[in-house]
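S.K.: Here it is, the structure, as structure tokens.
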Amino acid sequence: MGTLLRRTHLCGDLDEENLNQKVTVTGWVRKYRDHGGVIFVDLGDKSGVIQLVFNPQLHKEVHSRARSLREGWVIAVKGRVTLRPSGTVNPKLKTGKIELMVEKMEILNVSRVLPFPIENEIQVSEEVRLKYRYLDLRREKMQKNLLLRYQVIKLIRDFLDKKGFIEIETPFLARSTPEGARDYLVPSRLNPGEFYALTQSPQLFKQMLMVAGFDRYFQIVRCFRDEDLRADRQPEHTQLDMELSFVEEEDIYNLIEEMFTFIFEKIQGITLQTPFPRIKYEEAMERYGSDKPDLRFDLELKNITHIQGLERFKVFQNVIKKGGQIKGIKVPEGVSLSRKDLEELTQRVTSLGAKGLCWIFVQKEIKSPLNKILSEETIKGIIKEMGAREGDVLFIVGDKKEIVAKALGNLRLYLATKFNLITSGYKLLWIIDFPLFEYDTEGNLIPSHHPFTSPKDEDIPLLKESPEKVKARAYDLVLNGEEIGGGSIRIHHRGIQEKVLNILGIDSLEAREKFGFLLEALSFGAPPHGGIAFGLDRLVMLLSGEESIREVIAFPKTQKGTCLLTDAPSKVTEEQLEELHLKVKE
RNA sequence: GGGGCCGUAGUUCAGUCGGUUAGAAUGCCUGACUGUCGAUCAGGAGGUCGCGAGUUCGAGUCUCGUCGGCCCCGCCA
């Protein structure tokens, strides 16, 4: 069945220039208002909304058919564009000065009653939205988010193309490597008992491309990790992956700063200040309690461990003895905090591993649980060290360095939100000088970034005796407190790569088995190279002002990794399992 | 693996100390209405209180289990 009426315009594109023209538009009935005589229909497509008028005196037949229209129906209408009568202009609509007097109508499809209205501000659970994602995506807001996503990707491609990069696809079905996140495994029908892993990132492939001499590679690529989900983490996420040969850190910083300046200029009309600030990992942890600090507000952490008299508090005494830290954070004008607030804050830090939270209300009569324990002089010392004034509140945590950072870093973010301290705008910065290794919970040495990251030249002699002191040639890009990218200069000498794998407890035999192809490639004249990868979902989320990456992904997964629209994952048939040489354990 | 919040009409929610026939708003249906745009007015329909078990004379309400959604910790080279 062909469509009789062919579209000539998009609904939202019509304006006064089209006055008196006969036009045909198509779209969905967004709103239906029947006044007994005249009927108004708001017809919408991806471009916007136009008001249709069905007048029984002018076009009786089409008016009577219009009476059956309902929200969500799909129609094509032909009519004349007219000015709205004076006093009936709708300033809320882009097309609010005009309307379409309908002469012909074709009903292209009907619709069941919609589970929620197709509007920007809807009050509906995410569960329902995801179940009917195709309706959710019909909303202007979601259309805008996905359009923005496309525009960002397009800008990236344009920019990198001009800079001499080419986009090369790498396999999704790859070898499972031991390090890192859990793999999604894919059974191999042709190789019984063997599995592919969906790539967590094209890391090794892109290094191979550098060995191959492509020099400047990028890819907009899906990456898979079988780990638990968060508001900013999905099991499949999209990455802008890049790698360059014959470069050092400065080359990467310059290129990326230029790229972001370009993107922000085009998307937001903002000129970013370059170079972006660079903060050493150590310093970020010290000042913000985070390796991805949000610099849109201050609230810095201050170390007060050295203040005389703190040891009179047993808890602090213990902390000092064990080489821990006592640090504080100052909330300007915080004295309005209630007992209930304090309880909530305490609960926050204890859930992060701290044993407790102390506070000092700086006012005429100082209010603090430390009043009875510490001397007046010590408390004054703290207030002075923190630079607090009357009306401020200080929060203090004493514990192991990592716990203090985590507790106060979290408090910092929470308090900034609570006291509305977060300014609008975009704060980009580099975090540099990461340690090459760290210890996991079982005390094993693991790479902070990944095992192919190059140590700093001057630290190479330290690799053997004190690997924990070795700094990496790695860098992260942070935007408004969100890690949006990270990368490193890679190891391009086989010997050093073997040494690093060794330190990680992967002996030569195992290294050769699992990473033999990499080691071999490095031994065939691998050029010095490095790169970076960006979380595209997070970037677009921040650019669109959303608080979850699910708002910028067309078909996201729930927190349990399921798709409410298609009901994936699902059981498969015995035959399928049989063919794959698999048996499901009950 | 753990902590927190939540699940009642299509949707968003209320539901007192465990007590009669589970309510509201909105949406939906029918009718009226010629300038609305959150249309208005009148009438009406609509419920597996997520599911299962238990306590009780009696459970939306209490207990246990289970399923599902969201936030967080762990995890995320």
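All residue names refer to the structure tokens as shown: chains lettered A, B, ... in order, residues numbered from 1 in each chain, ligands numbered from 1 in order.
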Would you kindly return, as a ChimeraX atom specification, each protein, DNA or RNA residue with an atom no farther than 10 Å from any atom of Lys380 in chain A, considering only C-alpha atoms (C1' of nucleotides) and excluding same-chain residues fewer than 5 positions away?
M.R.: /A:362,366,375,385-386,388
S.K.: Residues of the last selection are to be written out with C-alpha atoms, as a JSON list (two decimals), in the first residue's frame.
M.R.:
[["chain", "number", "residue", "atom", "x", "y", "z"],
["A", 362, "VAL", "CA", 33.19, 27.73, 64.32],
["A", 366, "ILE", "CA", 32.46, 26.45, 69.55],
["A", 375, "SER", "CA", 42.55, 21.60, 74.60],
["A", 385, "GLU", "CA", 45.33, 26.04, 60.13],
["A", 386, "MET", "CA", 42.10, 25.54, 58.20],
["A", 388, "ALA", "CA", 38.12, 29.05, 59.19]]
S.K.: From a DSSP calculation on the backbone, collect every residue of range 141-380 of chain A in strand (DSSP E) and output the set as a PyMOL selection string.
M.R.: chain A and resi 166-167+173-174+185-187+195-198+216-224+236-245+278-280+301-303+325-331+358-361
S.K.: Write out as an MDAnalysis selection string every residue belonging to chain A that has an atom at most 6 Å from any atom of chain B, counting only C-alpha atoms (C1' of nucleotides).
M.R.: chainID A and resid 35:38 115 127 179:180 449:450
S.K.: Which residues come within 10 Å of Gly353 in chain A, counting only C-alpha atoms (C1' of nucleotides), excluding same-chain residues fewer than 5 positions away, as a count of residues only?
M.R.: 9
S.K.: Can you pull out every residue within 7 Å of His9 in chain A, counting only C-alpha atoms (C1' of nucleotides), but drop anything in the same chain fewer than 6 positions away, and send it as a ChimeraX atom specification?
M.R.: /A:23-25
S.K.: Per residue of range 153-222 of chain A within 8 Å of range 257-278 of chain A, record the nearest atom pair and its distance in Å to one decimal, counting only C-alpha atoms, with rows in chain order and ascending residue number, as a tab-separated table.
M.R.:
residue	atom	partner	partner_atom	distance
A:Leu155	CA	A:Ile263	CA	6.5
A:Ile156	CA	A:Met259	CA	7.4
A:Phe159	CA	A:Met259	CA	6.8
S.K.: Pick out the closest residue to Glu510 in chain A from this set: A:Val393, A:Glu498, A:Ile549, A:Gly381. Count only C-alpha atoms.
M.R.: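 Under the stated criterion, the closest residue is A:Glu498.
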S.K.: Just give me the gap between CA of Glu103 in chain A and CA of Arg65 in chain A in Å, one decimal is fine.
M.R.: 11.5 Å
